Each structure stands twice: as structure tokens, then as C-alpha cells.
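Trainee: Sending over a structure as C-alpha cells; questions will come in a sec.
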Amino acid sequence: MEQEQILGLLGADFPWRDRLRLFFSIDSTNNAAKSLAVQGAPHGTVLIADRQTGGRGRMGRSFQSPPGMGVYLSALLRPMCPPQQLMHLTCAIGVAMCDAVQAAAGFRPQIKWINDLVYGGHKLGGILVELGLGPNGLADYAVAGIGINCNQKAEDFPPELREVAASLSMFAPQRVDRCRLAAEMMRSLENISRRFLPDKGAIMAQYRQDCMTIGQQISLLQGGQCFHGQALDIDDEGALLVRLDSGELRTVNSGEASVRGMYGYV
Ligand code: BTN
């Protein structure tokens with residue numbers, strides 16, 4: 001991937017164009033973005049790596065990030081608000097990434113609550129948002145990390161991921177260019193970074209449309225225990241409303257739970 005190519009696609013007036021950094025290999029773009037945040041890097045700093053040696057996902061999972069195959073990107077945001085107002089940020093980034101994939105690959109993926117991009121029952125990528133707090137109790141920064149599988153064929157995934165993972169090129173009508181995808185991701189991130197607070201209601205309404213978890217029978221892993229039930233809805237903070245098989249209604253925050261379909265990954 002070439003910096004000049006990405007910037008060329010974004011155009012001369014793209015507000016973040018002087019804040020893009022490309023890496024050949026890095027442990028994790030989220031780790032690097034957090035270090036830069038602490039050193040005072042500005043809102044809109046974007047890091048993209050060709051490969052990650054320690055790519056991370058939610059709940060302490062790893063994210064496979066082989067060279068030449070995906071886009072691994074972290075954007076540093078400085079939202080300057082109390083962290084309680086950022087509960088829906090992962091959802092907003094999810095909607096933005098559906099927009100970006102639609103523009104670059106010609107189809108709109110869905111979202112598995114809360115942060116997985118999916119299509120045809122397979123995981124295309126994921127989102128990891130990490131917050132840093134300032135001394136005043138406001139958010140000092142939010143790092144939005146996104147990994148999207150772009151060019152892999154089924155045999156490129158390790159055997160243990162083959163059932164679950166897929167790439168954009170498996171579903172796209174034509175070849176997906178990683179620079180084009182990276183540019184669309186940056187464009188969508190810049191747009192959502194301005195809209196996610198004032199347009200919260202509309203963005204969460206779009207999230208509900210994109211999220212395939214609503215209405216599903218799910219198993220819920222929470223506090224080391226597994227529960228079964230039906231996902232009913234998602235509130236404006238991104239919490240999942242579930243009717244457990246016991247009849248209990250439970251509101252589940254993303255920080256404390258993960259969800260799977262009853263018969264597999266979705
Ligand atoms: C998940 O699947 O739970 C989230 C995966 C997030 C992966 C991206 S790749 C770029 C950024 N750097 C990381 O280490 N993680 C995120």
C-alpha cells in the first residue's frame with residue numbers, strides 16, 4: 001500500500017491528509033496510536049499497517065493480520081467529552097465501516113453485536129475502540145482500531161478460523177483495492193467523528209438496521225456464565241436487550257459480554 005495513492009484518492013481538501021502514517025510492520029496500530037495520543041498527537045492521526053505482529057481484538061482475543069491481505073487501521077480521535085457519552089462510539093464506527101465497505105467493495109456488510117463486520121455468516125473484520133481518560137475526567141482520546149480482511153482466499157486463513165472468517169474479495173463483484181478501502185475507511189471515520197454526538201439518534205437507528213443480531217436466538221457469555229435467549233433490541237448506548245430463556249429481561253453492556261449464534265459464529 002502506498003501513502004501517495006491513498007492521499008490521491010482522498011483529494012487535496014481532505015482534512016486529515018497530513019496526519020496519515022503508514023507502517024510496513026508493527027505490533028498493533030492501536031498500541032502505536034495510544035502511544036502517539038499520550039505524546040500529544042492531534043485528532044485525526046491515522047495509522048495503517050501492511051501487517052501486525054500483535055493485532056488485538058475485544059475480550060483479549062488476537063486479530064490475525066498477515067501482510068498484503070487486509071487493512072489494519074487505527075484513528076486517533078479527541079472527542080473532548082465525558083466517557084459516558086462515548087458508549088455508542090463502537091456502534092457509530094461500525095456504521096461508518098459498513099459505509100466504507102459498501103463504497104469500496106460494492107456490497108454492504110452487516111454487524112454482529114457489537115463490533116464484528118459480517119457477511120454470509122462469516123466474519124470480515126472487527127473494531128476495537130480504546131479510551132484514555134484525562135485528569136479532568138473527560139476522555140483524553142479514543143483510538144478506533146479496525147481490521148478488515150480484504151484479499152484472503154479460504155486457504156489463507158489458519159484452519160481454526162476457516163469456518164468463521166472470510167474476506168471482502170470472496171463476496172465483491174470485482175477485485176477490492178486495499179488503498180481504495182483504506183481511503184474510504186478514512187473518509188467515513190472523518191465523517192462519523194463529526195456526527196456521532198450530534199446525530200446519535202440517526203446513527204443508532206442505522207446501526208439497528210445493519211445489526212443482524214436483533215431477533216436472533218443467541219448464547220450470551222457473561223461473567224464466566226453462558227445464558228441463552230433472544231436478542232430483542234439495542235438501545236442508544238449500544239447495550240443489547242435480551243429475553244433470557246428463563247423469562248428474565250436483561251440489558252447487556254458490551255464491555256461485559258460476548259454473543260454467539262445458537263448454532264455457530266453468527
Ligand atoms: C475484534 O475482532 O474483536 C476486533 C479486531 C480489531 C483489529 C484491529 S486491526 C487494527 C487495530 N490494531 C489492533 O491491534 N486491533 C485493531
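Here, A, B, ... name the chains of the C-alpha cells in the order displayed, residue numbers run from 1 inside each chain, and ligands are numbered from 1 in the same displayed order.
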Write down as a ChimeraX atom specification the residues of segment 12-125 of chain A whose backbone DSSP state falls under strand (DSSP E).
Mentor: /A:20-26,45-52,70-77,110-112,116-119,122-125
Trainee: Using only C-alpha atoms and all ligand atoms, find each protein or nucleic acid residue lying at most 10 Å from ligand 1; present the set as a PyMOL selection string.
Mentor: chain A and resi 26-33+47-49+51-65+70-75+114-117+123-130+143-149+258
Trainee: Find the distance between atom CA of Arg260 of chain A and atom CA of Thr90 of chain A and write it in Å to one decimal.
Mentor: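 Computing the Euclidean distance for atom CA of Arg260 of chain A and atom CA of Thr90 of chain A yields 18.1 Å.
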Trainee: Tell me, as an NGL selection string, which residues lie within 8 Å of His43 of chain A, counting only C-alpha atoms; anything in the same chain fewer than 6 positions away does not count.
Mentor: :A and (76-78)
Trainee: So that I have them on file, write out the residues from the current selection with C-alpha atoms, as a short mmCIF file (atom, residue, chain, number, x, y, z; two decimals), in the first residue's frame.
Mentor:
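part00.cif was written with the following content:
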```cif
data_model
loop_
_atom_site.label_atom_id
_atom_site.label_comp_id
_atom_site.auth_asym_id
_atom_site.auth_seq_id
_atom_site.Cartn_x
_atom_site.Cartn_y
_atom_site.Cartn_z
CA LEU A 76 -6.91 8.79 16.96
CA LEU A 77 -9.95 10.85 17.96
CA ARG A 78 -10.10 13.62 20.57
#
```
Trainee: What's the 12 Å shell around Glu4 of chain A, counting only C-alpha atoms, without same-chain residues fewer than 3 positions away, as a JSON list (two decimals) with N, CA, C and O atoms, in the first residue's frame?
Mentor:
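Resulting contents of around-v1.json:
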```json
[["chain", "number", "residue", "atom", "x", "y", "z"],
["A", 1, "MET", "N", 0.84, -1.20, 0.00],
["A", 1, "MET", "CA", 0.00, 0.00, 0.00],
["A", 1, "MET", "C", 0.87, 1.25, 0.00],
["A", 1, "MET", "O", 1.87, 1.30, 0.71],
["A", 7, "LEU", "N", -3.67, 9.06, -0.39],
["A", 7, "LEU", "CA", -3.92, 10.51, -0.33],
["A", 7, "LEU", "C", -4.51, 11.01, -1.65],
["A", 7, "LEU", "O", -5.38, 11.89, -1.65],
["A", 8, "GLY", "N", -4.06, 10.44, -2.76],
["A", 8, "GLY", "CA", -4.61, 10.82, -4.07],
["A", 8, "GLY", "C", -6.10, 10.53, -4.14],
["A", 8, "GLY", "O", -6.88, 11.34, -4.66],
["A", 9, "LEU", "N", -6.50, 9.40, -3.59],
["A", 9, "LEU", "CA", -7.93, 9.04, -3.60],
["A", 9, "LEU", "C", -8.74, 9.96, -2.68],
["A", 9, "LEU", "O", -9.92, 10.22, -2.93],
["A", 10, "LEU", "N", -8.10, 10.46, -1.61],
["A", 10, "LEU", "CA", -8.82, 11.29, -0.65],
["A", 10, "LEU", "C", -8.99, 12.72, -1.13],
["A", 10, "LEU", "O", -9.91, 13.42, -0.70],
["A", 11, "GLY", "N", -8.09, 13.17, -1.98],
["A", 11, "GLY", "CA", -8.21, 14.54, -2.50],
["A", 11, "GLY", "C", -7.50, 15.57, -1.64],
["A", 11, "GLY", "O", -7.24, 15.33, -0.45],
["A", 12, "ALA", "N", -7.23, 16.71, -2.26],
["A", 12, "ALA", "CA", -6.38, 17.75, -1.64],
["A", 12, "ALA", "C", -7.03, 18.39, -0.43],
["A", 12, "ALA", "O", -6.34, 18.91, 0.46],
["A", 17, "ARG", "N", -5.40, 14.77, 5.85],
["A", 17, "ARG", "CA", -4.42, 14.20, 4.91],
["A", 17, "ARG", "C", -2.97, 14.32, 5.38],
["A", 17, "ARG", "O", -2.13, 13.51, 5.02],
["A", 18, "ASP", "N", -2.67, 15.33, 6.22],
["A", 18, "ASP", "CA", -1.29, 15.46, 6.70],
["A", 18, "ASP", "C", -1.04, 14.67, 7.99],
["A", 18, "ASP", "O", 0.01, 14.79, 8.62],
["A", 20, "LEU", "N", -1.56, 11.15, 8.21],
["A", 20, "LEU", "CA", -1.56, 9.71, 7.90],
["A", 20, "LEU", "C", -0.14, 9.15, 7.99],
["A", 20, "LEU", "O", 0.79, 9.74, 7.46],
["A", 21, "ARG", "N", -0.01, 8.01, 8.67],
["A", 21, "ARG", "CA", 1.30, 7.34, 8.75],
["A", 21, "ARG", "C", 1.13, 5.88, 8.37],
["A", 21, "ARG", "O", 0.28, 5.18, 8.94],
["A", 22, "LEU", "N", 1.96, 5.43, 7.43],
["A", 22, "LEU", "CA", 1.91, 4.03, 7.01],
["A", 22, "LEU", "C", 3.08, 3.25, 7.59],
["A", 22, "LEU", "O", 4.20, 3.78, 7.67],
["A", 179, "CYS", "N", -5.95, 0.10, -1.11],
["A", 179, "CYS", "CA", -5.81, 1.57, -0.96],
["A", 179, "CYS", "C", -7.17, 2.23, -1.02],
["A", 179, "CYS", "O", -7.46, 3.17, -0.28],
["A", 180, "ARG", "N", -8.01, 1.76, -1.94],
["A", 180, "ARG", "CA", -9.36, 2.32, -2.06],
["A", 180, "ARG", "C", -10.13, 2.10, -0.76],
["A", 180, "ARG", "O", -10.79, 3.00, -0.24],
["A", 183, "ALA", "N", -8.81, 4.39, 1.95],
["A", 183, "ALA", "CA", -9.27, 5.77, 1.73],
["A", 183, "ALA", "C", -10.73, 5.92, 2.15],
["A", 183, "ALA", "O", -11.11, 6.89, 2.81]]
```
Trainee: Using only C-alpha atoms, can you tell me which of A:Lys112, A:Ala202, A:Leu168, A:Met186 comes closest to Gly261 of chain A?
Mentor: A:Lys112
Trainee: I want to know what sits within 6 Å of segment 223-228 of chain A, based on only C-alpha atoms, with residues of the same chain fewer than 2 positions away left out; could you give that as a ChimeraX atom specification?
Mentor: /A:218-221,244-245
Trainee: With C-alpha atoms kept, could you save the residues just selected as a compact mmCIF listing (two decimals), in the first residue's frame?
Mentor:
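Produced file part27.txt, reproduced below:
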```txt
# COMPACT_ATOMS: atom_id res chain seq x y z
CA ILE A 218 -28.18 -16.19 20.96
CA SER A 219 -25.91 -17.56 23.62
CA LEU A 220 -24.54 -14.88 25.88
CA LEU A 221 -21.21 -15.26 27.65
CA LEU A 244 -33.36 -14.97 28.53
CA ASP A 245 -34.99 -18.39 28.24
```
Trainee: Please report the interatomic distance between atom CA of Pro67 of chain A and atom CA of Thr45 of chain A in Å with one decimal.
Mentor: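 Taking atom CA of Pro67 of chain A and atom CA of Thr45 of chain A, their separation equals 22.0 Å.
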Trainee: Have a look at A:Leu138, A:Pro109, A:Ala104, A:Gly44 and name the one nearest to Arg194 of chain A; count only C-alpha atoms.
Mentor: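 Answer, going by the shortest atom-to-atom distance: A:Gly44.
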Trainee: Would you pick out the contacts of Phe196 of chain A at 9 Å or less, using only C-alpha atoms, so that residues sharing its chain but fewer than 3 positions from it are not included, and give the list as a VMD selection string?
Mentor: chain A and resid 86 88 to 89 92 to 93 191 to 193 199 to 201 203
Trainee: Could you dump the residues just selected with N, CA and C atoms as a compact mmCIF listing (two decimals), in the first residue's frame?
Mentor:
```txt
# COMPACT_ATOMS: atom_id res chain seq x y z
N LEU A 86 -19.59 8.32 25.23
CA LEU A 86 -18.92 7.57 24.15
C LEU A 86 -19.36 6.11 24.11
N HIS A 88 -21.73 4.70 22.67
CA HIS A 88 -22.18 4.23 21.34
C HIS A 88 -21.10 4.39 20.28
N LEU A 89 -19.86 4.75 20.68
CA LEU A 89 -18.83 5.03 19.67
C LEU A 89 -18.52 3.79 18.82
N ALA A 92 -21.15 3.50 16.25
CA ALA A 92 -21.02 4.53 15.21
C ALA A 92 -19.90 4.18 14.23
N ILE A 93 -18.78 3.67 14.76
CA ILE A 93 -17.68 3.26 13.88
C ILE A 93 -18.14 2.08 13.02
N ASN A 191 -15.95 11.59 8.72
CA ASN A 191 -17.37 11.98 8.71
C ASN A 191 -18.05 11.61 10.05
N ILE A 192 -17.84 10.38 10.50
CA ILE A 192 -18.54 9.93 11.72
C ILE A 192 -17.98 10.66 12.94
N SER A 193 -16.70 11.05 12.90
CA SER A 193 -16.12 11.75 14.06
C SER A 193 -16.80 13.10 14.27
N ASP A 199 -25.59 13.57 15.84
CA ASP A 199 -26.54 12.73 15.08
C ASP A 199 -26.73 11.35 15.71
N LYS A 200 -26.56 11.28 17.02
CA LYS A 200 -26.58 9.97 17.70
C LYS A 200 -27.82 9.14 17.36
N GLY A 201 -29.00 9.77 17.42
CA GLY A 201 -30.26 9.03 17.20
C GLY A 201 -30.29 8.39 15.82
N ILE A 203 -27.77 7.74 13.82
CA ILE A 203 -26.70 6.75 13.64
C ILE A 203 -27.08 5.43 14.32
```
Trainee: Would you mind telling me which residue in A:Val266, A:Arg195, A:Gly255, A:Ser167 lies nearest to Ile214 of chain A when using only C-alpha atoms?
Mentor: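 Residue with the minimum atom-to-atom distance to Ile214 of chain A: A:Val266.
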Trainee: What's around Ala172 of chain A at 7 Å? Count only C-alpha atoms, leave out sequence neighbours fewer than 2 positions away in its own chain, and write the answer as an NGL selection string.
Mentor: :A and (105-107 or 168-170 or 174-175)
Trainee: Write a file of the just-selected residues containing all heavy atoms, as a JSON list (two decimals), in the first residue's frame.
Mentor:
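The resulting part.json:
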```
[["chain", "number", "residue", "atom", "x", "y", "z"],
["A", 105, "ALA", "N", -16.23, -1.98, -1.91],
["A", 105, "ALA", "CA", -16.38, -3.38, -2.34],
["A", 105, "ALA", "C", -17.70, -3.66, -3.04],
["A", 105, "ALA", "O", -17.90, -4.75, -3.58],
["A", 105, "ALA", "CB", -16.23, -4.31, -1.13],
["A", 106, "GLY", "N", -18.63, -2.70, -2.99],
["A", 106, "GLY", "CA", -19.88, -2.86, -3.74],
["A", 106, "GLY", "C", -20.95, -3.67, -3.04],
["A", 106, "GLY", "O", -21.96, -4.01, -3.65],
["A", 107, "PHE", "N", -20.77, -4.01, -1.79],
["A", 107, "PHE", "CA", -21.85, -4.64, -1.01],
["A", 107, "PHE", "C", -21.78, -4.13, 0.43],
["A", 107, "PHE", "O", -20.72, -3.71, 0.88],
["A", 107, "PHE", "CB", -21.78, -6.17, -1.06],
["A", 107, "PHE", "CG", -20.61, -6.75, -0.30],
["A", 107, "PHE", "CD1", -20.76, -7.17, 1.02],
["A", 107, "PHE", "CD2", -19.36, -6.89, -0.90],
["A", 107, "PHE", "CE1", -19.68, -7.70, 1.72],
["A", 107, "PHE", "CE2", -18.28, -7.43, -0.21],
["A", 107, "PHE", "CZ", -18.45, -7.83, 1.10],
["A", 168, "LEU", "N", -13.40, -9.68, 1.97],
["A", 168, "LEU", "CA", -14.28, -8.94, 1.05],
["A", 168, "LEU", "C", -14.26, -9.53, -0.34],
["A", 168, "LEU", "O", -15.29, -9.62, -1.01],
["A", 168, "LEU", "CB", -13.83, -7.47, 0.97],
["A", 168, "LEU", "CG", -13.85, -6.65, 2.25],
["A", 168, "LEU", "CD1", -13.47, -5.20, 1.94],
["A", 168, "LEU", "CD2", -15.21, -6.70, 2.91],
["A", 169, "SER", "N", -13.06, -9.94, -0.81],
["A", 169, "SER", "CA", -12.95, -10.39, -2.20],
["A", 169, "SER", "C", -13.76, -11.66, -2.47],
["A", 169, "SER", "O", -14.07, -11.98, -3.61],
["A", 169, "SER", "CB", -11.49, -10.59, -2.60],
["A", 169, "SER", "OG", -10.93, -11.56, -1.77],
["A", 170, "MET", "N", -14.12, -12.38, -1.41],
["A", 170, "MET", "CA", -14.95, -13.58, -1.60],
["A", 170, "MET", "C", -16.39, -13.22, -1.99],
["A", 170, "MET", "O", -17.13, -14.05, -2.49],
["A", 170, "MET", "CB", -14.98, -14.42, -0.32],
["A", 170, "MET", "CG", -13.65, -15.02, 0.04],
["A", 170, "MET", "SD", -13.82, -15.87, 1.62],
["A", 170, "MET", "CE", -12.18, -16.51, 1.82],
["A", 174, "GLN", "N", -16.11, -7.26, -7.93],
["A", 174, "GLN", "CA", -14.79, -7.19, -8.57],
["A", 174, "GLN", "C", -13.70, -7.06, -7.51],
["A", 174, "GLN", "O", -14.01, -6.91, -6.34],
["A", 174, "GLN", "CB", -14.72, -6.04, -9.57],
["A", 174, "GLN", "CG", -14.84, -4.65, -9.00],
["A", 174, "GLN", "CD", -15.97, -3.86, -9.65],
["A", 174, "GLN", "OE1", -16.55, -4.28, -10.64],
["A", 174, "GLN", "NE2", -16.30, -2.74, -9.07],
["A", 175, "ARG", "N", -12.43, -7.12, -7.96],
["A", 175, "ARG", "CA", -11.30, -7.07, -7.04],
["A", 175, "ARG", "C", -11.39, -5.85, -6.12],
["A", 175, "ARG", "O", -11.77, -4.76, -6.56],
["A", 175, "ARG", "CB", -10.01, -6.98, -7.86],
["A", 175, "ARG", "CG", -8.77, -7.46, -7.17],
["A", 175, "ARG", "CD", -7.57, -7.23, -8.05],
["A", 175, "ARG", "NE", -7.18, -5.82, -8.09],
["A", 175, "ARG", "CZ", -6.44, -5.22, -7.17],
["A", 175, "ARG", "NH1", -5.95, -5.91, -6.15],
["A", 175, "ARG", "NH2", -6.15, -3.94, -7.23]]
```
Trainee: Please, what distance in Å, to one decimal, runs between atom CA of Gln3 of chain A and atom CA of Pro79 of chain A?
Mentor: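 Pair atom CA of Gln3 of chain A / atom CA of Pro79 of chain A returns 25.9 Å.
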Trainee: Could you pull out the residues in segment 135-231 of chain A that DSSP calls helix (DSSP H, G or I) from the backbone, as a PDB file with N, CA, C and O atoms, in the first residue's frame?
Mentor:
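Contents of the output file result-v3.pdb:
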```
ATOM      1  N   ALA A 154     -10.022 -18.739   1.089  1.00  0.00           N
ATOM      2  CA  ALA A 154     -10.324 -19.572   2.268  1.00  0.00           C
ATOM      3  C   ALA A 154      -9.060 -20.220   2.818  1.00  0.00           C
ATOM      4  O   ALA A 154      -8.836 -20.256   4.039  1.00  0.00           O
ATOM      5  N   GLU A 155      -8.179 -20.716   1.914  1.00  0.00           N
ATOM      6  CA  GLU A 155      -6.991 -21.448   2.381  1.00  0.00           C
ATOM      7  C   GLU A 155      -5.945 -20.544   3.037  1.00  0.00           C
ATOM      8  O   GLU A 155      -4.994 -21.037   3.646  1.00  0.00           O
ATOM      9  N   ASP A 156      -6.087 -19.224   2.893  1.00  0.00           N
ATOM     10  CA  ASP A 156      -5.148 -18.302   3.538  1.00  0.00           C
ATOM     11  C   ASP A 156      -5.411 -18.161   5.038  1.00  0.00           C
ATOM     12  O   ASP A 156      -4.554 -17.673   5.772  1.00  0.00           O
ATOM     13  N   PRO A 159      -6.464 -23.008   9.828  1.00  0.00           N
ATOM     14  CA  PRO A 159      -7.572 -23.976   9.876  1.00  0.00           C
ATOM     15  C   PRO A 159      -8.619 -23.650  10.933  1.00  0.00           C
ATOM     16  O   PRO A 159      -9.820 -23.778  10.679  1.00  0.00           O
ATOM     17  N   GLU A 160      -8.176 -23.166  12.093  1.00  0.00           N
ATOM     18  CA  GLU A 160      -9.141 -22.927  13.183  1.00  0.00           C
ATOM     19  C   GLU A 160     -10.064 -21.731  12.888  1.00  0.00           C
ATOM     20  O   GLU A 160     -11.104 -21.566  13.529  1.00  0.00           O
ATOM     21  N   LEU A 161      -9.695 -20.869  11.910  1.00  0.00           N
ATOM     22  CA  LEU A 161     -10.538 -19.710  11.576  1.00  0.00           C
ATOM     23  C   LEU A 161     -11.366 -19.918  10.310  1.00  0.00           C
ATOM     24  O   LEU A 161     -12.227 -19.119   9.972  1.00  0.00           O
ATOM     25  N   LEU A 168     -13.398  -9.681   1.969  1.00  0.00           N
ATOM     26  CA  LEU A 168     -14.275  -8.937   1.055  1.00  0.00           C
ATOM     27  C   LEU A 168     -14.259  -9.529  -0.342  1.00  0.00           C
ATOM     28  O   LEU A 168     -15.288  -9.620  -1.009  1.00  0.00           O
ATOM     29  N   SER A 169     -13.059  -9.940  -0.805  1.00  0.00           N
ATOM     30  CA  SER A 169     -12.954 -10.390  -2.205  1.00  0.00           C
ATOM     31  C   SER A 169     -13.756 -11.663  -2.474  1.00  0.00           C
ATOM     32  O   SER A 169     -14.070 -11.983  -3.608  1.00  0.00           O
ATOM     33  N   MET A 170     -14.120 -12.385  -1.407  1.00  0.00           N
ATOM     34  CA  MET A 170     -14.954 -13.582  -1.602  1.00  0.00           C
ATOM     35  C   MET A 170     -16.391 -13.216  -1.986  1.00  0.00           C
ATOM     36  O   MET A 170     -17.127 -14.050  -2.493  1.00  0.00           O
ATOM     37  N   ARG A 178      -6.933  -2.433  -1.780  1.00  0.00           N
ATOM     38  CA  ARG A 178      -6.751  -2.088  -0.366  1.00  0.00           C
ATOM     39  C   ARG A 178      -6.597  -0.583  -0.150  1.00  0.00           C
ATOM     40  O   ARG A 178      -7.037  -0.045   0.861  1.00  0.00           O
ATOM     41  N   CYS A 179      -5.946   0.102  -1.106  1.00  0.00           N
ATOM     42  CA  CYS A 179      -5.807   1.566  -0.961  1.00  0.00           C
ATOM     43  C   CYS A 179      -7.173   2.232  -1.023  1.00  0.00           C
ATOM     44  O   CYS A 179      -7.459   3.174  -0.284  1.00  0.00           O
ATOM     45  N   ARG A 180      -8.011   1.757  -1.940  1.00  0.00           N
ATOM     46  CA  ARG A 180      -9.362   2.323  -2.060  1.00  0.00           C
ATOM     47  C   ARG A 180     -10.133   2.096  -0.761  1.00  0.00           C
ATOM     48  O   ARG A 180     -10.786   3.001  -0.241  1.00  0.00           O
ATOM     49  N   LEU A 181     -10.025   0.863  -0.220  1.00  0.00           N
ATOM     50  CA  LEU A 181     -10.723   0.572   1.040  1.00  0.00           C
ATOM     51  C   LEU A 181     -10.189   1.465   2.159  1.00  0.00           C
ATOM     52  O   LEU A 181     -10.970   2.038   2.932  1.00  0.00           O
ATOM     53  N   ALA A 182      -8.862   1.596   2.247  1.00  0.00           N
ATOM     54  CA  ALA A 182      -8.267   2.432   3.308  1.00  0.00           C
ATOM     55  C   ALA A 182      -8.754   3.869   3.181  1.00  0.00           C
ATOM     56  O   ALA A 182      -9.111   4.516   4.186  1.00  0.00           O
ATOM     57  N   ALA A 183      -8.809   4.389   1.950  1.00  0.00           N
ATOM     58  CA  ALA A 183      -9.268   5.773   1.733  1.00  0.00           C
ATOM     59  C   ALA A 183     -10.734   5.919   2.147  1.00  0.00           C
ATOM     60  O   ALA A 183     -11.106   6.892   2.815  1.00  0.00           O
ATOM     61  N   GLU A 184     -11.559   4.941   1.791  1.00  0.00           N
ATOM     62  CA  GLU A 184     -12.986   5.021   2.157  1.00  0.00           C
ATOM     63  C   GLU A 184     -13.156   4.905   3.670  1.00  0.00           C
ATOM     64  O   GLU A 184     -14.041   5.537   4.253  1.00  0.00           O
ATOM     65  N   MET A 185     -12.326   4.089   4.313  1.00  0.00           N
ATOM     66  CA  MET A 185     -12.390   3.981   5.777  1.00  0.00           C
ATOM     67  C   MET A 185     -12.044   5.326   6.416  1.00  0.00           C
ATOM     68  O   MET A 185     -12.718   5.784   7.343  1.00  0.00           O
ATOM     69  N   MET A 186     -11.002   5.985   5.898  1.00  0.00           N
ATOM     70  CA  MET A 186     -10.615   7.291   6.458  1.00  0.00           C
ATOM     71  C   MET A 186     -11.708   8.327   6.237  1.00  0.00           C
ATOM     72  O   MET A 186     -12.028   9.110   7.126  1.00  0.00           O
ATOM     73  N   ARG A 187     -12.286   8.320   5.034  1.00  0.00           N
ATOM     74  CA  ARG A 187     -13.361   9.278   4.730  1.00  0.00           C
ATOM     75  C   ARG A 187     -14.550   9.069   5.679  1.00  0.00           C
ATOM     76  O   ARG A 187     -15.084  10.014   6.249  1.00  0.00           O
ATOM     77  N   SER A 188     -14.927   7.812   5.872  1.00  0.00           N
ATOM     78  CA  SER A 188     -16.066   7.512   6.758  1.00  0.00           C
ATOM     79  C   SER A 188     -15.755   7.846   8.217  1.00  0.00           C
ATOM     80  O   SER A 188     -16.632   8.286   8.959  1.00  0.00           O
ATOM     81  N   LEU A 189     -14.505   7.601   8.616  1.00  0.00           N
ATOM     82  CA  LEU A 189     -14.131   7.912  10.002  1.00  0.00           C
ATOM     83  C   LEU A 189     -14.154   9.414  10.254  1.00  0.00           C
ATOM     84  O   LEU A 189     -14.633   9.880  11.295  1.00  0.00           O
ATOM     85  N   GLU A 190     -13.651  10.175   9.292  1.00  0.00           N
ATOM     86  CA  GLU A 190     -13.659  11.643   9.457  1.00  0.00           C
ATOM     87  C   GLU A 190     -15.095  12.136   9.569  1.00  0.00           C
ATOM     88  O   GLU A 190     -15.435  12.957  10.425  1.00  0.00           O
ATOM     89  N   ASN A 191     -15.954  11.587   8.718  1.00  0.00           N
ATOM     90  CA  ASN A 191     -17.369  11.978   8.714  1.00  0.00           C
ATOM     91  C   ASN A 191     -18.052  11.606  10.046  1.00  0.00           C
ATOM     92  O   ASN A 191     -18.728  12.430  10.661  1.00  0.00           O
ATOM     93  N   ILE A 192     -17.840  10.383  10.498  1.00  0.00           N
ATOM     94  CA  ILE A 192     -18.540   9.934  11.720  1.00  0.00           C
ATOM     95  C   ILE A 192     -17.980  10.656  12.942  1.00  0.00           C
ATOM     96  O   ILE A 192     -18.690  10.873  13.924  1.00  0.00           O
ATOM     97  N   SER A 193     -16.704  11.049  12.904  1.00  0.00           N
ATOM     98  CA  SER A 193     -16.118  11.749  14.063  1.00  0.00           C
ATOM     99  C   SER A 193     -16.795  13.103  14.275  1.00  0.00           C
ATOM    100  O   SER A 193     -16.829  13.611  15.395  1.00  0.00           O
ATOM    101  N   ARG A 194     -17.354  13.698  13.217  1.00  0.00           N
ATOM    102  CA  ARG A 194     -18.087  14.961  13.366  1.00  0.00           C
ATOM    103  C   ARG A 194     -19.546  14.720  13.744  1.00  0.00           C
ATOM    104  O   ARG A 194     -20.183  15.567  14.333  1.00  0.00           O
ATOM    105  N   ARG A 195     -20.086  13.534  13.374  1.00  0.00           N
ATOM    106  CA  ARG A 195     -21.531  13.310  13.506  1.00  0.00           C
ATOM    107  C   ARG A 195     -21.945  12.466  14.710  1.00  0.00           C
ATOM    108  O   ARG A 195     -23.128  12.453  15.067  1.00  0.00           O
ATOM    109  N   LYS A 200     -26.560  11.278  17.024  1.00  0.00           N
ATOM    110  CA  LYS A 200     -26.576   9.970  17.698  1.00  0.00           C
ATOM    111  C   LYS A 200     -27.823   9.141  17.360  1.00  0.00           C
ATOM    112  O   LYS A 200     -27.725   7.950  17.039  1.00  0.00           O
ATOM    113  N   GLY A 201     -29.004   9.771  17.421  1.00  0.00           N
ATOM    114  CA  GLY A 201     -30.258   9.025  17.202  1.00  0.00           C
ATOM    115  C   GLY A 201     -30.288   8.386  15.818  1.00  0.00           C
ATOM    116  O   GLY A 201     -30.617   7.196  15.666  1.00  0.00           O
ATOM    117  N   ALA A 202     -29.942   9.163  14.799  1.00  0.00           N
ATOM    118  CA  ALA A 202     -29.985   8.658  13.418  1.00  0.00           C
ATOM    119  C   ALA A 202     -28.932   7.567  13.209  1.00  0.00           C
ATOM    120  O   ALA A 202     -29.180   6.561  12.522  1.00  0.00           O
ATOM    121  N   ILE A 203     -27.773   7.742  13.819  1.00  0.00           N
ATOM    122  CA  ILE A 203     -26.698   6.754  13.645  1.00  0.00           C
ATOM    123  C   ILE A 203     -27.084   5.431  14.317  1.00  0.00           C
ATOM    124  O   ILE A 203     -26.881   4.348  13.759  1.00  0.00           O
ATOM    125  N   MET A 204     -27.694   5.522  15.495  1.00  0.00           N
ATOM    126  CA  MET A 204     -28.100   4.283  16.182  1.00  0.00           C
ATOM    127  C   MET A 204     -29.266   3.604  15.460  1.00  0.00           C
ATOM    128  O   MET A 204     -29.379   2.372  15.474  1.00  0.00           O
ATOM    129  N   ALA A 205     -30.115   4.411  14.824  1.00  0.00           N
ATOM    130  CA  ALA A 205     -31.194   3.805  14.011  1.00  0.00           C
ATOM    131  C   ALA A 205     -30.572   3.024  12.845  1.00  0.00           C
ATOM    132  O   ALA A 205     -31.019   1.910  12.517  1.00  0.00           O
ATOM    133  N   GLN A 206     -29.533   3.577  12.235  1.00  0.00           N
ATOM    134  CA  GLN A 206     -28.847   2.868  11.144  1.00  0.00           C
ATOM    135  C   GLN A 206     -28.144   1.619  11.684  1.00  0.00           C
ATOM    136  O   GLN A 206     -28.138   0.563  11.038  1.00  0.00           O
ATOM    137  N   TYR A 207     -27.564   1.739  12.888  1.00  0.00           N
ATOM    138  CA  TYR A 207     -26.899   0.564  13.491  1.00  0.00           C
ATOM    139  C   TYR A 207     -27.900  -0.584  13.650  1.00  0.00           C
ATOM    140  O   TYR A 207     -27.593  -1.731  13.332  1.00  0.00           O
ATOM    141  N   ARG A 208     -29.093  -0.251  14.138  1.00  0.00           N
ATOM    142  CA  ARG A 208     -30.124  -1.302  14.326  1.00  0.00           C
ATOM    143  C   ARG A 208     -30.455  -1.969  12.990  1.00  0.00           C
ATOM    144  O   ARG A 208     -30.722  -3.159  12.924  1.00  0.00           O
ATOM    145  N   GLN A 209     -30.438  -1.168  11.923  1.00  0.00           N
ATOM    146  CA  GLN A 209     -30.704  -1.750  10.589  1.00  0.00           C
ATOM    147  C   GLN A 209     -29.563  -2.664  10.148  1.00  0.00           C
ATOM    148  O   GLN A 209     -29.787  -3.694   9.530  1.00  0.00           O
ATOM    149  N   ASP A 210     -28.325  -2.250  10.439  1.00  0.00           N
ATOM    150  CA  ASP A 210     -27.163  -3.020   9.977  1.00  0.00           C
ATOM    151  C   ASP A 210     -26.889  -4.237  10.849  1.00  0.00           C
ATOM    152  O   ASP A 210     -26.178  -5.156  10.432  1.00  0.00           O
TER     153      ASP A 210
END
```
Trainee: Using only C-alpha atoms, pick whichever of A:Met87, A:Pro42, A:Pro66, A:Leu249 has the shortest atom-to-atom distance to Phe24 of chain A.
Mentor: A:Pro66
